[in-house]
>>> print(open('coords06.pdb').read())   # PDB, C-alpha atoms, pLDDT in the B column
ATOM      1  CA  ASP Q  15     -51.844  29.626   2.434  1.00 81.00           C
ATOM      2  CA  ALA Q  16     -50.410  27.518   5.231  1.00 79.00           C
ATOM      3  CA  GLU Q  17     -51.125  28.754   8.718  1.00 91.00           C
ATOM      4  CA  ILE Q  18     -51.229  27.931  12.398  1.00 95.00           C
ATOM      5  CA  THR Q  19     -54.425  28.543  14.315  1.00 96.00           C
ATOM      6  CA  GLN Q  20     -55.206  28.541  17.999  1.00 97.00           C
ATOM      7  CA  SER Q  21     -58.527  28.214  19.745  1.00 97.00           C
ATOM      8  CA  PRO Q  22     -60.074  29.605  21.755  1.00 97.00           C
ATOM      9  CA  ARG Q  23     -58.496  33.036  21.428  1.00 97.00           C
ATOM     10  CA  HIS Q  24     -59.880  34.089  24.784  1.00 97.00           C
ATOM     11  CA  LYS Q  25     -61.036  31.947  27.689  1.00 97.00           C
ATOM     12  CA  ILE Q  26     -62.044  32.586  31.262  1.00 98.00           C
ATOM     13  CA  THR Q  27     -62.181  29.617  33.579  1.00 97.00           C
ATOM     14  CA  GLU Q  28     -62.263  28.814  37.271  1.00 97.00           C
ATOM     15  CA  THR Q  29     -59.573  27.392  39.480  1.00 97.00           C
ATOM     16  CA  GLY Q  30     -59.506  23.604  39.399  1.00 97.00           C
ATOM     17  CA  ARG Q  31     -61.162  23.168  36.011  1.00 97.00           C
ATOM     18  CA  GLN Q  32     -59.525  21.312  33.154  1.00 97.00           C
ATOM     19  CA  VAL Q  33     -58.794  23.472  30.132  1.00 98.00           C
ATOM     20  CA  THR Q  34     -57.575  22.502  26.688  1.00 98.00           C
ATOM     21  CA  LEU Q  35     -56.092  24.955  24.215  1.00 98.00           C
ATOM     22  CA  ALA Q  36     -56.065  23.757  20.629  1.00 98.00           C
ATOM     23  CA  CYS Q  37     -53.314  24.318  18.088  1.00 98.00           C
ATOM     24  CA  HIS Q  38     -53.588  23.307  14.436  1.00 98.00           C
ATOM     25  CA  GLN Q  39     -50.989  23.904  11.747  1.00 97.00           C
ATOM     26  CA  THR Q  40     -51.154  23.315   8.017  1.00 95.00           C
ATOM     27  CA  TRP Q  41     -47.433  23.889   7.378  1.00 90.00           C
ATOM     28  CA  ASN Q  42     -46.789  20.125   7.689  1.00 91.00           C
ATOM     29  CA  HIS Q  43     -44.062  20.935  10.204  1.00 90.00           C
ATOM     30  CA  ASN Q  44     -42.670  18.201  12.395  1.00 88.00           C
ATOM     31  CA  ASN Q  45     -41.777  20.517  15.286  1.00 89.00           C
ATOM     32  CA  MET Q  46     -44.469  22.110  17.429  1.00 92.00           C
ATOM     33  CA  PHE Q  47     -44.122  24.174  20.585  1.00 94.00           C
ATOM     34  CA  TRP Q  48     -46.194  25.761  23.319  1.00 97.00           C
ATOM     35  CA  TYR Q  49     -45.002  28.944  25.047  1.00 97.00           C
ATOM     36  CA  ARG Q  50     -46.524  31.155  27.674  1.00 97.00           C
ATOM     37  CA  GLN Q  51     -45.922  34.884  27.743  1.00 96.00           C
ATOM     38  CA  ASP Q  52     -45.888  36.820  30.983  1.00 93.00           C
ATOM     39  CA  LEU Q  53     -44.741  40.349  31.682  1.00 83.00           C
ATOM     40  CA  GLY Q  54     -41.060  40.399  32.547  1.00 79.00           C
ATOM     41  CA  HIS Q  55     -40.481  36.809  31.497  1.00 83.00           C
ATOM     42  CA  GLY Q  56     -40.768  36.927  27.754  1.00 89.00           C
ATOM     43  CA  LEU Q  57     -41.824  33.626  26.228  1.00 94.00           C
ATOM     44  CA  ARG Q  58     -41.171  30.498  28.234  1.00 94.00           C
ATOM     45  CA  LEU Q  59     -41.282  27.036  26.737  1.00 93.00           C
ATOM     46  CA  ILE Q  60     -43.920  24.729  28.204  1.00 96.00           C
ATOM     47  CA  HIS Q  61     -43.857  21.596  26.030  1.00 95.00           C
ATOM     48  CA  TYR Q  62     -42.661  20.697  22.589  1.00 92.00           C
ATOM     49  CA  SER Q  63     -42.892  17.864  20.094  1.00 91.00           C
ATOM     50  CA  TYR Q  64     -40.600  16.758  17.299  1.00 88.00           C
ATOM     51  CA  GLY Q  65     -43.150  14.510  15.642  1.00 89.00           C
ATOM     52  CA  VAL Q  66     -46.116  12.209  16.103  1.00 93.00           C
ATOM     53  CA  GLN Q  67     -46.095  10.443  19.460  1.00 95.00           C
ATOM     54  CA  ASP Q  68     -43.133  12.555  20.617  1.00 92.00           C
ATOM     55  CA  THR Q  69     -43.518  15.053  23.480  1.00 93.00           C
ATOM     56  CA  ASN Q  70     -40.952  16.783  25.666  1.00 90.00           C
ATOM     57  CA  LYS Q  71     -41.068  18.997  28.741  1.00 92.00           C
ATOM     58  CA  GLY Q  72     -39.901  22.579  28.545  1.00 90.00           C
ATOM     59  CA  GLU Q  73     -38.777  24.900  31.307  1.00 89.00           C
ATOM     60  CA  VAL Q  74     -42.248  25.488  32.820  1.00 95.00           C
ATOM     61  CA  SER Q  75     -44.096  22.210  32.230  1.00 96.00           C
ATOM     62  CA  ASP Q  76     -45.614  21.616  35.677  1.00 96.00           C
ATOM     63  CA  GLY Q  77     -49.422  21.571  35.514  1.00 97.00           C
ATOM     64  CA  TYR Q  78     -49.493  21.170  31.715  1.00 98.00           C
ATOM     65  CA  SER Q  79     -49.610  18.222  29.343  1.00 97.00           C
ATOM     66  CA  VAL Q  80     -49.612  17.718  25.578  1.00 97.00           C
ATOM     67  CA  SER Q  81     -50.199  14.850  23.202  1.00 97.00           C
ATOM     68  CA  ARG Q  82     -49.314  14.496  19.523  1.00 97.00           C
ATOM     69  CA  SER Q  83     -51.464  12.042  17.651  1.00 97.00           C
ATOM     70  CA  ASN Q  84     -50.967  13.576  14.210  1.00 96.00           C
ATOM     71  CA  THR Q  85     -48.683  16.064  12.482  1.00 95.00           C
ATOM     72  CA  GLU Q  86     -51.163  18.933  12.471  1.00 97.00           C
ATOM     73  CA  ASP Q  87     -52.275  19.204  16.108  1.00 97.00           C
ATOM     74  CA  LEU Q  88     -50.690  19.735  19.505  1.00 98.00           C
ATOM     75  CA  PRO Q  89     -53.359  20.457  22.125  1.00 98.00           C
ATOM     76  CA  LEU Q  90     -52.228  21.870  25.468  1.00 98.00           C
ATOM     77  CA  THR Q  91     -54.129  20.700  28.553  1.00 98.00           C
ATOM     78  CA  LEU Q  92     -54.178  22.297  31.960  1.00 97.00           C
ATOM     79  CA  GLU Q  93     -55.266  19.439  34.187  1.00 94.00           C
ATOM     80  CA  SER Q  94     -56.413  21.632  37.079  1.00 97.00           C
ATOM     81  CA  ALA Q  95     -56.192  25.303  36.256  1.00 97.00           C
ATOM     82  CA  ALA Q  96     -54.499  27.604  38.779  1.00 97.00           C
ATOM     83  CA  SER Q  97     -54.462  31.411  38.954  1.00 97.00           C
ATOM     84  CA  SER Q  98     -50.713  31.282  38.251  1.00 96.00           C
ATOM     85  CA  GLN Q  99     -51.561  29.895  34.824  1.00 97.00           C
ATOM     86  CA  THR Q 100     -53.300  33.088  33.779  1.00 97.00           C
ATOM     87  CA  SER Q 101     -51.242  34.054  30.763  1.00 97.00           C
ATOM     88  CA  VAL Q 102     -51.108  34.412  27.016  1.00 97.00           C
ATOM     89  CA  TYR Q 103     -50.287  31.121  25.343  1.00 98.00           C
ATOM     90  CA  PHE Q 104     -48.596  30.851  21.971  1.00 97.00           C
ATOM     91  CA  CYS Q 105     -48.361  27.785  19.810  1.00 97.00           C
ATOM     92  CA  ALA Q 106     -45.623  27.664  17.193  1.00 95.00           C
ATOM     93  CA  SER Q 107     -44.200  25.286  14.644  1.00 93.00           C
ATOM     94  CA  SER Q 108     -40.959  24.945  12.715  1.00 88.00           C
ATOM     95  CA  GLU Q 109     -39.889  22.778   9.844  1.00 81.00           C
ATOM     96  CA  GLY Q 110     -36.540  21.715  11.287  1.00 66.00           C
ATOM     97  CA  GLY Q 111     -34.726  19.834   8.518  1.00 56.00           C
ATOM     98  CA  LEU Q 112     -34.635  22.789   6.153  1.00 52.00           C
ATOM     99  CA  GLY Q 113     -34.258  26.515   6.585  1.00 57.00           C
ATOM    100  CA  SER Q 114     -33.249  28.406   9.681  1.00 68.00           C
ATOM    101  CA  GLY Q 115     -35.700  26.609  11.903  1.00 74.00           C
ATOM    102  CA  GLU Q 116     -37.575  29.831  12.531  1.00 84.00           C
ATOM    103  CA  LEU Q 117     -40.819  29.566  14.424  1.00 89.00           C
ATOM    104  CA  PHE Q 118     -44.178  30.271  12.843  1.00 92.00           C
ATOM    105  CA  PHE Q 119     -46.579  31.470  15.510  1.00 95.00           C
ATOM    106  CA  GLY Q 120     -50.287  31.282  16.090  1.00 96.00           C
ATOM    107  CA  GLU Q 121     -52.126  34.413  17.193  1.00 95.00           C
ATOM    108  CA  GLY Q 122     -52.108  33.482  20.858  1.00 96.00           C
ATOM    109  CA  SER Q 123     -54.734  32.405  23.372  1.00 97.00           C
ATOM    110  CA  ARG Q 124     -55.425  34.594  26.370  1.00 97.00           C
ATOM    111  CA  LEU Q 125     -56.396  32.478  29.387  1.00 98.00           C
ATOM    112  CA  THR Q 126     -57.727  33.923  32.618  1.00 97.00           C
ATOM    113  CA  VAL Q 127     -58.101  31.657  35.628  1.00 97.00           C
ATOM    114  CA  LEU Q 128     -60.337  33.096  38.362  1.00 96.00           C
TER     115      LEU Q 128
ATOM    116  CA  ALA Z 244     -28.125  24.985  29.710  1.00 62.00           C
ATOM    117  CA  GLN Z 245     -28.822  27.564  27.074  1.00 65.00           C
ATOM    118  CA  LYS Z 246     -29.730  31.064  28.137  1.00 91.00           C
ATOM    119  CA  ILE Z 247     -30.709  34.341  26.523  1.00 94.00           C
ATOM    120  CA  THR Z 248     -30.348  37.724  28.258  1.00 95.00           C
ATOM    121  CA  GLN Z 249     -31.861  41.031  27.237  1.00 95.00           C
ATOM    122  CA  THR Z 250     -30.803  43.683  29.718  1.00 94.00           C
ATOM    123  CA  GLN Z 251     -32.880  46.596  28.418  1.00 94.00           C
ATOM    124  CA  PRO Z 252     -36.494  46.310  29.599  1.00 91.00           C
ATOM    125  CA  GLY Z 253     -37.424  49.504  27.760  1.00 94.00           C
ATOM    126  CA  MET Z 254     -35.943  52.074  25.400  1.00 95.00           C
ATOM    127  CA  PHE Z 255     -37.023  55.403  23.969  1.00 96.00           C
ATOM    128  CA  VAL Z 256     -35.574  56.556  20.661  1.00 96.00           C
ATOM    129  CA  GLN Z 257     -36.217  59.581  18.472  1.00 96.00           C
ATOM    130  CA  GLU Z 258     -37.740  58.861  15.093  1.00 96.00           C
ATOM    131  CA  LYS Z 259     -35.175  58.437  12.284  1.00 96.00           C
ATOM    132  CA  GLU Z 260     -32.374  57.598  14.691  1.00 96.00           C
ATOM    133  CA  ALA Z 261     -30.654  54.221  14.678  1.00 96.00           C
ATOM    134  CA  VAL Z 262     -31.234  51.953  17.651  1.00 97.00           C
ATOM    135  CA  THR Z 263     -29.383  48.940  19.030  1.00 97.00           C
ATOM    136  CA  LEU Z 264     -31.153  46.326  21.112  1.00 98.00           C
ATOM    137  CA  ASP Z 265     -28.826  44.193  23.195  1.00 97.00           C
ATOM    138  CA  CYS Z 266     -28.833  40.413  23.432  1.00 98.00           C
ATOM    139  CA  THR Z 267     -26.323  38.070  24.980  1.00 97.00           C
ATOM    140  CA  TYR Z 268     -26.522  34.313  24.964  1.00 96.00           C
ATOM    141  CA  ASP Z 269     -24.899  31.346  26.572  1.00 94.00           C
ATOM    142  CA  THR Z 270     -24.537  27.904  25.062  1.00 89.00           C
ATOM    143  CA  SER Z 271     -21.970  25.131  24.975  1.00 86.00           C
ATOM    144  CA  ASP Z 272     -23.132  23.877  21.590  1.00 85.00           C
ATOM    145  CA  PRO Z 273     -20.863  25.013  18.721  1.00 86.00           C
ATOM    146  CA  SER Z 274     -23.809  24.982  16.338  1.00 85.00           C
ATOM    147  CA  TYR Z 275     -26.704  27.318  17.081  1.00 87.00           C
ATOM    148  CA  GLY Z 276     -28.919  29.957  15.572  1.00 90.00           C
ATOM    149  CA  LEU Z 277     -30.027  33.362  16.774  1.00 93.00           C
ATOM    150  CA  PHE Z 278     -33.313  35.074  15.940  1.00 94.00           C
ATOM    151  CA  TRP Z 279     -35.048  38.358  16.541  1.00 97.00           C
ATOM    152  CA  TYR Z 280     -38.818  38.648  16.689  1.00 97.00           C
ATOM    153  CA  LYS Z 281     -41.015  41.733  16.886  1.00 97.00           C
ATOM    154  CA  GLN Z 282     -44.291  41.812  18.793  1.00 96.00           C
ATOM    155  CA  PRO Z 283     -46.403  44.920  18.117  1.00 96.00           C
ATOM    156  CA  SER Z 284     -49.242  45.926  20.401  1.00 94.00           C
ATOM    157  CA  SER Z 285     -51.601  43.736  18.372  1.00 93.00           C
ATOM    158  CA  GLY Z 286     -49.811  40.723  19.826  1.00 92.00           C
ATOM    159  CA  GLU Z 287     -48.614  38.722  16.852  1.00 93.00           C
ATOM    160  CA  MET Z 288     -45.028  37.489  16.676  1.00 94.00           C
ATOM    161  CA  ILE Z 289     -43.145  38.638  13.582  1.00 95.00           C
ATOM    162  CA  PHE Z 290     -39.856  37.058  12.540  1.00 94.00           C
ATOM    163  CA  LEU Z 291     -37.241  39.692  11.686  1.00 96.00           C
ATOM    164  CA  ILE Z 292     -33.822  38.181  11.176  1.00 95.00           C
ATOM    165  CA  TYR Z 293     -31.696  35.064  11.625  1.00 93.00           C
ATOM    166  CA  GLN Z 294     -27.979  34.469  12.203  1.00 93.00           C
ATOM    167  CA  GLY Z 295     -26.324  31.056  12.188  1.00 90.00           C
ATOM    168  CA  SER Z 296     -23.308  30.434  14.391  1.00 89.00           C
ATOM    169  CA  TYR Z 297     -21.167  29.514  11.390  1.00 88.00           C
ATOM    170  CA  ASP Z 298     -22.308  32.383   9.198  1.00 89.00           C
ATOM    171  CA  GLN Z 299     -19.305  34.492   8.267  1.00 88.00           C
ATOM    172  CA  GLN Z 300     -21.163  37.731   7.711  1.00 93.00           C
ATOM    173  CA  ASN Z 301     -23.656  39.585   9.853  1.00 95.00           C
ATOM    174  CA  ALA Z 302     -27.232  39.046   8.739  1.00 95.00           C
ATOM    175  CA  THR Z 303     -29.167  41.945   7.245  1.00 95.00           C
ATOM    176  CA  GLU Z 304     -32.825  42.291   6.280  1.00 94.00           C
ATOM    177  CA  GLY Z 305     -33.774  45.722   5.019  1.00 96.00           C
ATOM    178  CA  ARG Z 306     -33.439  48.169   7.927  1.00 97.00           C
ATOM    179  CA  TYR Z 307     -32.563  45.356  10.323  1.00 97.00           C
ATOM    180  CA  SER Z 308     -29.086  44.026  10.879  1.00 97.00           C
ATOM    181  CA  LEU Z 309     -27.720  41.643  13.450  1.00 97.00           C
ATOM    182  CA  ASN Z 310     -24.388  42.591  15.013  1.00 97.00           C
ATOM    183  CA  PHE Z 311     -23.000  39.130  15.745  1.00 96.00           C
ATOM    184  CA  GLN Z 312     -19.979  39.064  18.079  1.00 96.00           C
ATOM    185  CA  LYS Z 313     -19.303  35.384  18.555  1.00 95.00           C
ATOM    186  CA  ALA Z 314     -16.463  35.692  21.049  1.00 94.00           C
ATOM    187  CA  ARG Z 315     -18.554  38.009  23.215  1.00 95.00           C
ATOM    188  CA  LYS Z 316     -21.644  35.834  22.728  1.00 96.00           C
ATOM    189  CA  SER Z 317     -23.708  38.810  21.718  1.00 97.00           C
ATOM    190  CA  ALA Z 318     -26.271  39.195  18.956  1.00 97.00           C
ATOM    191  CA  ASN Z 319     -27.504  42.773  19.016  1.00 98.00           C
ATOM    192  CA  LEU Z 320     -30.264  43.944  16.699  1.00 98.00           C
ATOM    193  CA  VAL Z 321     -29.653  47.219  14.916  1.00 98.00           C
ATOM    194  CA  ILE Z 322     -32.561  49.112  13.395  1.00 97.00           C
ATOM    195  CA  SER Z 323     -31.508  51.911  11.098  1.00 94.00           C
ATOM    196  CA  ALA Z 324     -33.622  55.026  10.565  1.00 94.00           C
ATOM    197  CA  SER Z 325     -36.276  54.099  13.107  1.00 96.00           C
ATOM    198  CA  GLN Z 326     -39.936  54.651  12.290  1.00 96.00           C
ATOM    199  CA  LEU Z 327     -42.996  55.090  14.473  1.00 96.00           C
ATOM    200  CA  GLY Z 328     -44.142  51.642  13.383  1.00 96.00           C
ATOM    201  CA  ASP Z 329     -41.054  50.152  15.000  1.00 97.00           C
ATOM    202  CA  SER Z 330     -42.571  50.750  18.425  1.00 97.00           C
ATOM    203  CA  ALA Z 331     -43.047  47.231  19.752  1.00 97.00           C
ATOM    204  CA  MET Z 332     -41.652  44.521  21.987  1.00 97.00           C
ATOM    205  CA  TYR Z 333     -38.542  42.835  20.602  1.00 98.00           C
ATOM    206  CA  PHE Z 334     -37.402  39.362  21.546  1.00 97.00           C
ATOM    207  CA  CYS Z 335     -34.055  37.719  21.024  1.00 97.00           C
ATOM    208  CA  ALA Z 336     -34.144  33.923  20.723  1.00 95.00           C
ATOM    209  CA  MET Z 337     -31.713  31.067  20.282  1.00 92.00           C
ATOM    210  CA  ARG Z 338     -31.835  27.610  18.784  1.00 87.00           C
ATOM    211  CA  GLU Z 339     -29.269  25.068  19.884  1.00 76.00           C
ATOM    212  CA  GLY Z 340     -28.168  22.443  17.428  1.00 64.00           C
ATOM    213  CA  PRO Z 341     -27.394  22.415  13.722  1.00 60.00           C
ATOM    214  CA  ARG Z 342     -29.463  24.479  11.330  1.00 56.00           C
ATOM    215  CA  TYR Z 343     -30.639  21.403   9.485  1.00 57.00           C
ATOM    216  CA  SER Z 344     -31.414  19.373  12.563  1.00 57.00           C
ATOM    217  CA  SER Z 345     -34.935  18.069  12.548  1.00 57.00           C
ATOM    218  CA  ALA Z 346     -35.147  18.375  16.305  1.00 62.00           C
ATOM    219  CA  SER Z 347     -34.336  21.778  17.761  1.00 72.00           C
ATOM    220  CA  LYS Z 348     -36.051  23.975  20.299  1.00 80.00           C
ATOM    221  CA  ILE Z 349     -35.898  27.736  20.574  1.00 87.00           C
ATOM    222  CA  ILE Z 350     -35.776  29.707  23.799  1.00 90.00           C
ATOM    223  CA  PHE Z 351     -36.436  33.421  24.240  1.00 94.00           C
ATOM    224  CA  GLY Z 352     -35.120  36.338  26.211  1.00 94.00           C
ATOM    225  CA  SER Z 353     -37.380  38.526  28.343  1.00 93.00           C
ATOM    226  CA  GLY Z 354     -37.705  41.182  25.662  1.00 94.00           C
ATOM    227  CA  THR Z 355     -37.113  44.914  25.187  1.00 96.00           C
ATOM    228  CA  ARG Z 356     -39.974  47.359  24.728  1.00 96.00           C
ATOM    229  CA  LEU Z 357     -38.951  49.939  22.138  1.00 97.00           C
ATOM    230  CA  SER Z 358     -40.832  53.212  21.898  1.00 97.00           C
ATOM    231  CA  ILE Z 359     -40.169  55.600  19.035  1.00 96.00           C
ATOM    232  CA  ARG Z 360     -40.767  59.310  19.727  1.00 95.00           C
ATOM    233  CA  PRO Z 361     -41.993  61.488  16.830  1.00 94.00           C
TER     234      PRO Z 361
END
>>> encode(input="coords06.pdb", output="C-alpha cells")
Amino acid sequence: DAEITQSPRHKITETGRQVTLACHQTWNHNNMFWYRQDLGHGLRLIHYSYGVQDTNKGEVSDGYSVSRSNTEDLPLTLESAASSQTSVYFCASSEGGLGSGELFFGEGSRLTVL
Amino acid sequence: AQKITQTQPGMFVQEKEAVTLDCTYDTSDPSYGLFWYKQPSSGEMIFLIYQGSYDQQNATEGRYSLNFQKARKSANLVISASQLGDSAMYFCAMREGPRYSSASKIIFGSGTRLSIRP
C-alpha cells in the first residue's frame, strides 16, 4: 500500500543545531507540504512543493528550508534550531490533478529544541 | 488571502446527540474546496469529508455531513448520533483553486476539541 513516512518520529536537539526532518511518500503525488502543529494555532503551512525542483514558502517559513530533488522526498531543514520551533511537524502530500486534492498525512514528527 | 476560522475551541456533547462544529472561511477565489479532518489523541490526521464550491448538494459520508452555506461562507460539520470514539480534535481546511488544479495548497483552522460524555 502507498504511504507517507516521516523520520525521526521524535527528536530532541539543542538551540543552534541544524536539524533535518525526512518525509518520503510512495503515492507518486506531485504536491507535498510541511505543516507545524501548535496548541491554539492548528496546522500552519511552512513550505510546499508542486513538483521536482519547485518549492514555495508558506505562512511560517522563517528559519526553515526545503528542497525537492525527486518526487518521493521533501526534507525539512531547520538551519539553526530555536526553542520557538519546538512543535509537532506533519508532512503531507496530495495528487492535485485528480480527486478532491485531499491531503494524505504522515504520522508526525515531534521536535523538542532545548 | 484565504482564511479559515473555527470559533469553538472546545465542546462537550452527550453521547448519541448530534453535534455541529462551526467553520467559516474567506476567499476571493470562486473555485475552492473545503475539508474536515479528525485528529484523535493518537495524533494521526484522518480525512472525513470534502465539499467543492460548485457542488450543488451538501456532502455526506456516513454519520458526517457538511452544511455548506456558500453565501454565508460557512462549512459546518454535523456529526449525527455521536459516539465516544468521536472525541477528538477536528480541523476545518480549505483549498483555493479548481479541484483538478495540479497546484493547490490547503490551509487549516485552529481546530475544535470535541469531547463526548457517556
>>> interface_residues(input="coords06.pdb", of="chain Z", to="chain Q", cutoff="10 Å", atoms="only C-alpha atoms", output="ChimeraX atom specification")
/Z:249,252,275-280,285-295,332-338,341-355
>>> atom_distance(input="coords06.pdb", atom1="atom CA of Gln312 of chain Z", atom2="atom CA of Ala324 of chain Z")
22.3 Å
>>> atom_distance(input="coords06.pdb", atom1="atom CA of Leu320 of chain Z", atom2="atom CA of Lys246 of chain Z")
17.2 Å
>>> atom_distance(input="coords06.pdb", atom1="atom CA of Gln99 of chain Q", atom2="atom CA of Thr40 of chain Q")
27.6 Å
>>> resolve_selection(input="coords06.pdb", expression="the PyMOL selection byres ((chain Q and resi 92) around 10)", output="list in words")
Gly30, Arg31, Gln32, Val33, Thr34, Leu35, Asp76, Gly77, Tyr78, Ser79, Val80, Leu90, Thr91, Glu93, Ser94, Ala95, Ala96 and Gln99 of chain Q
>>> write_last_selection(input="coords06.pdb", atoms="C-alpha atoms", output="PDB file, keeping the file's coordinate frame")
ATOM      1  CA  GLY Q  30     -59.506  23.604  39.399  1.00 97.00           C
ATOM      2  CA  ARG Q  31     -61.162  23.168  36.011  1.00 97.00           C
ATOM      3  CA  GLN Q  32     -59.525  21.312  33.154  1.00 97.00           C
ATOM      4  CA  VAL Q  33     -58.794  23.472  30.132  1.00 98.00           C
ATOM      5  CA  THR Q  34     -57.575  22.502  26.688  1.00 98.00           C
ATOM      6  CA  LEU Q  35     -56.092  24.955  24.215  1.00 98.00           C
ATOM      7  CA  ASP Q  76     -45.614  21.616  35.677  1.00 96.00           C
ATOM      8  CA  GLY Q  77     -49.422  21.571  35.514  1.00 97.00           C
ATOM      9  CA  TYR Q  78     -49.493  21.170  31.715  1.00 98.00           C
ATOM     10  CA  SER Q  79     -49.610  18.222  29.343  1.00 97.00           C
ATOM     11  CA  VAL Q  80     -49.612  17.718  25.578  1.00 97.00           C
ATOM     12  CA  LEU Q  90     -52.228  21.870  25.468  1.00 98.00           C
ATOM     13  CA  THR Q  91     -54.129  20.700  28.553  1.00 98.00           C
ATOM     14  CA  GLU Q  93     -55.266  19.439  34.187  1.00 94.00           C
ATOM     15  CA  SER Q  94     -56.413  21.632  37.079  1.00 97.00           C
ATOM     16  CA  ALA Q  95     -56.192  25.303  36.256  1.00 97.00           C
ATOM     17  CA  ALA Q  96     -54.499  27.604  38.779  1.00 97.00           C
ATOM     18  CA  GLN Q  99     -51.561  29.895  34.824  1.00 97.00           C
TER      19      GLN Q  99
END
>>> axis_aligned_box(input="coords06.pdb", around="segment 25-43 of chain Q", padding_each_side="4 Å", output="lines of an AutoDock Vina configuration file")
center_x = -53.2
center_y = 26.4
center_z = 23.4
size_x = 26.2
size_y = 20.5
size_z = 40.1
>>> residues_around(input="coords06.pdb", residues="Asn319 of chain Z", least_positions_apart="2", cutoff="8 Å", atoms="only C-alpha atoms", output="short mmCIF file (atom, residue, chain, number, x, y, z; two decimals) with C-alpha atoms, in the frame of the given file")
data_model
loop_
_atom_site.label_atom_id
_atom_site.label_comp_id
_atom_site.auth_asym_id
_atom_site.auth_seq_id
_atom_site.Cartn_x
_atom_site.Cartn_y
_atom_site.Cartn_z
CA THR Z 263 -29.38 48.94 19.03
CA LEU Z 264 -31.15 46.33 21.11
CA ASP Z 265 -28.83 44.19 23.20
CA CYS Z 266 -28.83 40.41 23.43
CA THR Z 267 -26.32 38.07 24.98
CA LEU Z 309 -27.72 41.64 13.45
CA ASN Z 310 -24.39 42.59 15.01
CA PHE Z 311 -23.00 39.13 15.74
CA SER Z 317 -23.71 38.81 21.72
CA VAL Z 321 -29.65 47.22 14.92
#
>>> residues_around(input="coords06.pdb", residues="Ala16 of chain Q", least_positions_apart="3", cutoff="9 Å", atoms="only C-alpha atoms", output="ChimeraX atom specification")
/Q:39-42
